[in-house]
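Novice: Below you will find the structure I want to go over with you.
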Amino acid sequence: MSPSSLEFLVCLVVFATLNYWLPGRASRQFLLTCLNAGFLATQIPDVQSAVATLLFTLSGYLVVRVLQVYKSSLILTGYILALVFIFLVLKGYPFFGSLLSSPERQQIGMVVGISYLLFRQIHMAVDAIEGDITGLTIWNYLNYQFNLFGLLAGPIQRFQDFQEQFAELAPPASPQVIFESMARVCIGIFKVVWLSSEILAHYDHRIDQWMSFEGTYSWLEFTVRAAEIFYVYPLYVYMNFSGYCDIVIASSRLFGVTMPENFDWPLVSRNMIEYWTRWHRTLGFWIRDYLFTPLYKFIAARMPTKAAQWAFACYFVALFLAGTWHGPTWNFVLYGVLNGLGVSAAKLWENYLIARLGRKGLKTYLESKPIRYVAIVATIHFVCLTLLVFPDKNIKLIEHILRAKPY
Amino acid sequence: MDIKEKLEPVFRSVFGDDDIVLSPEMTADDIDGWDSLTHINLIIAIEKALSIKFSTRDISTLKESGKTIGDLFNTVSAKAV
């Protein structure tokens, strides 16, 4: 069942109404647990996958419990490496994917929502060793991990926030909240089902047209068609993903769960560092907290005088890994490289400005409106470039164009 | 020596500004150059100066919008006990 389907919408209206009238938080918790289990069941294709998903998830609970008692860095590191290894093998990343044959992979089954389970488990294990996980029960843990509003594609909520909300599960405070939430669900469905589908159909049509065309285009035709591909696919990704987030965030609100926002006007970012705090921001914040900060802190604590020079390398590594997490094929590696280069370049540019203008000069530079507009336009184009390599079809199209002479 | 007096020299050193005077209602926007990177430099400097350790969650939440120097004072006080 997809969150943008009619079945989901009907279930949402029925169960949100039921939730609203249910007395006491225990009954609302029970209802949400049943809904999470029911949604998970619709995603699991076979028994092996059910077992694999449960084992993968329960390992997190077990390790968090162990880390709460024994604050062992060895256990934490070993567990994170094991999780990442399993992720790489099951997702079929180059080299790791070949460790299992296809029948073996089928025998193991799939871990439903593994990409986001991975983030949540690493976050919980790290927070557990630092003493920031309290009040953990198997009940709130499983509801957190299998929360239907974040299971498949985020947003990545932190356990502490979920736990606090799950303890109350307060129904919507007023009819206005219900109205606002339902309106946002409808907007999300409109964006996913109609708007992004239309954009995707247009994009697919243009790609097919281009791939099957054996003649030559004039430079003007070539530029117009290339520009269309360049801008249309990012628009599709934005509409589709932000629409999906509208649906799940607004739906969760009807059950007393406040999922974090995933978008904050990403098209007004002035550089790629800011972009990752506005686009898929829960992923951006996760990268910052669990990849970038530990890496930079490690370097800065040992080589304080060289930390500033190494910062751009930390940005690159963090965003490169985040990019390649999106998928096991080379286009996602390229997506990671481009994002890594984008954030590193933003940091290097800032360092250059500080060296040349000083902190006060940088402040004046940042306050300049014309510079801001130029930076926004440049960032939008760089973002489009990164998303150009996202779909496999675009890579094939680029190969096709490079083979043909566009005139 | 209270937390404010302990933290002021750390702030002055990290941000390279001898005129910084901290007050609980101040936010990151009130101090020039407080970005995500200098935030981590500040955290490392405070950890060294006060022999405390911030958790990942502390580092993340202290940089959230709306957080004040007062929140930092409270977090540091709780750890420096």
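Each chain in the structure tokens gets a letter, A, B and so on, in the order shown; residues start at 1 in every chain, and ligands are counted from 1 in the order they appear.
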Return as number ranges by chain the full set of residues in chain B whose backbone-based DSSP assignment is alpha helix (DSSP H).

Specialist: B: 3-15, 36-50, 56-62, 69-80

Novice: For chain A versus chain B, which residues have an atom no more than 10 Å away, and what is each residue's nearest atom pair and distance in Å rounded to one decimal, using only C-alpha atoms, chain-then-number order, as a Markdown table?

Specialist:
| residue | atom | partner | partner_atom | distance |
| --- | --- | --- | --- | --- |
| A:His123 | CA | B:Thr56 | CA | 9.2 |
| A:Val126 | CA | B:Thr56 | CA | 7.8 |
| A:Asp127 | CA | B:Thr56 | CA | 6.9 |
| A:Ile129 | CA | B:Ser55 | CA | 9.3 |
| A:Glu130 | CA | B:Ser55 | CA | 5.8 |
| A:Gly131 | CA | B:Ser55 | CA | 8.2 |
| A:Asp132 | CA | B:Arg57 | CA | 7.3 |
| A:Arg158 | CA | B:Arg57 | CA | 9.7 |
| A:Gln160 | CA | B:Arg57 | CA | 9.8 |
| A:Ile273 | CA | B:Ser36 | CA | 9.7 |
| A:Phe285 | CA | B:Ser60 | CA | 8.3 |
| A:Trp286 | CA | B:Ser60 | CA | 9.5 |
| A:Arg288 | CA | B:Ser60 | CA | 8.5 |
| A:Asp289 | CA | B:Ser60 | CA | 6.4 |
| A:Tyr290 | CA | B:Thr56 | CA | 7.6 |
| A:Phe292 | CA | B:Leu37 | CA | 9.8 |
| A:Thr293 | CA | B:Ile40 | CA | 7.1 |
| A:Pro294 | CA | B:Thr56 | CA | 8.4 |
| A:Tyr296 | CA | B:Ile40 | CA | 8.0 |
| A:Lys297 | CA | B:Ile40 | CA | 6.9 |
| A:Phe298 | CA | B:Ile44 | CA | 9.8 |
| A:Ala300 | CA | B:Asn41 | CA | 7.4 |
| A:Ala301 | CA | B:Ile44 | CA | 6.8 |
| A:Pro304 | CA | B:Asn41 | CA | 8.8 |
| A:Ala307 | CA | B:Asn41 | CA | 9.0 |
| A:Ala308 | CA | B:Leu37 | CA | 8.6 |
| A:Ala311 | CA | B:Leu37 | CA | 7.9 |
| A:Lys347 | CA | B:Leu37 | CA | 9.7 |
| A:Ile354 | CA | B:Gly33 | CA | 9.8 |
| A:Arg359 | CA | B:Gly33 | CA | 6.8 |
| A:Lys360 | CA | B:Asp32 | CA | 7.9 |
| A:Leu362 | CA | B:Gly33 | CA | 9.0 |
| A:Lys363 | CA | B:Asp32 | CA | 7.8 |

Novice: Write out as a list in words each polymer residue whose atoms come within 10 Å of Gly284 (chain A), counting only C-alpha atoms; drop sequence neighbours fewer than 4 positions from it.

Specialist: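 The filter keeps Ile156, Asn262, Ile273, Glu274, Tyr275, Trp276, Thr277, Arg278, Trp279, His280, Arg288, Asp289, Ala318, Leu319 and Ala322 of chain A.
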
Novice: List the neighbours of Asn339 (chain A) out to 7 Å using only C-alpha atoms; skip same-chain residues closer than 4 positions along the sequence, and give me the result as a list of chain:residue names.

Specialist: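 Everything that qualifies: A:Leu319, A:Phe320, A:Tyr335, A:Val343, A:Thr386.
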
Novice: Can you spit out the residues from that selection as a compact mmCIF listing (two decimals), in the first residue's frame, using C-alpha atoms?

Specialist:
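Result file is selection.txt:
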# COMPACT_ATOMS: atom_id res chain seq x y z
CA LEU A 319 28.15 14.01 1.28
CA PHE A 320 29.84 11.43 -0.93
CA TYR A 335 25.67 11.81 -7.42
CA VAL A 343 29.66 21.32 -0.39
CA THR A 386 23.54 16.65 -9.47

Novice: What's around Ile20 (chain B) at 8 Å? Count only C-alpha atoms, leave out sequence neighbours fewer than 3 positions away in its own chain, and write the answer as a VMD selection string.

Specialist: chain B and resid 8 11 to 12 17 31

Novice: I'd like the contact shell of Pro155 (chain A) - 7 Å cut-off, only C-alpha atoms, skipping same-chain residues fewer than 5 positions apart - returned as a compact mmCIF listing (two decimals) with N, CA, C and O atoms, in the first residue's frame.

Specialist:
# COMPACT_ATOMS: atom_id res chain seq x y z
N GLY A 150 7.18 6.87 8.60
CA GLY A 150 8.57 7.14 8.23
C GLY A 150 9.31 5.90 7.78
O GLY A 150 10.51 5.93 7.54
N MET A 259 6.05 14.33 12.86
CA MET A 259 7.27 13.98 12.12
C MET A 259 8.01 15.27 11.77
O MET A 259 7.36 16.30 11.50
N PRO A 260 9.36 15.22 11.74
CA PRO A 260 10.09 16.46 11.39
C PRO A 260 9.89 16.83 9.92
O PRO A 260 9.71 15.95 9.08
N ASN A 262 10.78 17.87 6.20
CA ASN A 262 11.90 17.43 5.36
C ASN A 262 12.32 18.48 4.34
O ASN A 262 13.38 18.35 3.73
N THR A 282 16.13 16.08 7.05
CA THR A 282 16.38 15.11 8.13
C THR A 282 17.57 14.22 7.76
O THR A 282 18.32 13.79 8.63

Novice: Within 12 Å of Ala82 (chain A), counting only C-alpha atoms, which residues show up once you throw out same-chain ones fewer than 4 positions away? Write them as a CSV table (one decimal) with N, CA and C atoms, in the first residue's frame, please.

Specialist:
chain,number,residue,atom,x,y,z
A,56,PHE,N,16.9,-8.0,11.8
A,56,PHE,CA,17.7,-6.8,11.6
A,56,PHE,C,17.3,-5.7,12.6
A,59,SER,N,18.1,-6.6,16.4
A,59,SER,CA,19.5,-6.5,16.7
A,59,SER,C,19.8,-5.1,17.3
A,60,GLY,N,19.0,-4.1,16.8
A,60,GLY,CA,19.2,-2.8,17.3
A,60,GLY,C,18.8,-2.6,18.7
A,63,VAL,N,21.4,-4.4,20.9
A,63,VAL,CA,22.7,-3.7,21.1
A,63,VAL,C,22.5,-2.4,21.9
A,75,ILE,N,32.1,-2.5,20.9
A,75,ILE,CA,30.8,-3.1,20.5
A,75,ILE,C,30.1,-2.1,19.5
A,76,LEU,N,30.1,-0.8,19.8
A,76,LEU,CA,29.4,0.2,19.0
A,76,LEU,C,30.0,0.1,17.5
A,77,THR,N,31.4,0.2,17.5
A,77,THR,CA,32.0,0.2,16.2
A,77,THR,C,31.7,-1.1,15.4
A,78,GLY,N,31.8,-2.2,16.1
A,78,GLY,CA,31.6,-3.5,15.5
A,78,GLY,C,30.1,-3.6,15.0
A,86,ILE,N,25.9,-5.5,6.1
A,86,ILE,CA,24.7,-6.2,5.7
A,86,ILE,C,23.9,-5.3,4.7
A,87,PHE,N,23.9,-4.0,5.0
A,87,PHE,CA,23.2,-3.1,4.0
A,87,PHE,C,23.9,-3.2,2.6
A,88,LEU,N,25.2,-3.1,2.6
A,88,LEU,CA,25.9,-3.1,1.3
A,88,LEU,C,25.7,-4.5,0.6
A,89,VAL,N,25.7,-5.6,1.3
A,89,VAL,CA,25.5,-6.9,0.7
A,89,VAL,C,24.0,-7.0,0.2
A,118,LEU,N,18.6,1.6,8.9
A,118,LEU,CA,20.0,1.8,9.1
A,118,LEU,C,20.3,3.1,9.8
A,121,GLN,N,19.0,3.0,13.4
A,121,GLN,CA,19.7,2.1,14.3
A,121,GLN,C,21.1,2.7,14.7
A,122,ILE,N,21.8,3.3,13.7
A,122,ILE,CA,23.1,3.9,14.0
A,122,ILE,C,22.8,5.0,15.0

Novice: Give me, please, the distance in Å between CA of Ala173 (chain A) and CA of Val14 (chain A), quoted to one decimal.

Specialist: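 Straight-line distance from CA of Ala173 (chain A) to CA of Val14 (chain A) works out to 18.1 Å.
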
Novice: As an exercise, work out the distance from CA of Val47 (chain A) to CA of Val111 (chain A) in Å and give it to one decimal place.

Specialist: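 Atom-to-atom, CA of Val47 (chain A) and CA of Val111 (chain A) are spaced 11.2 Å apart.
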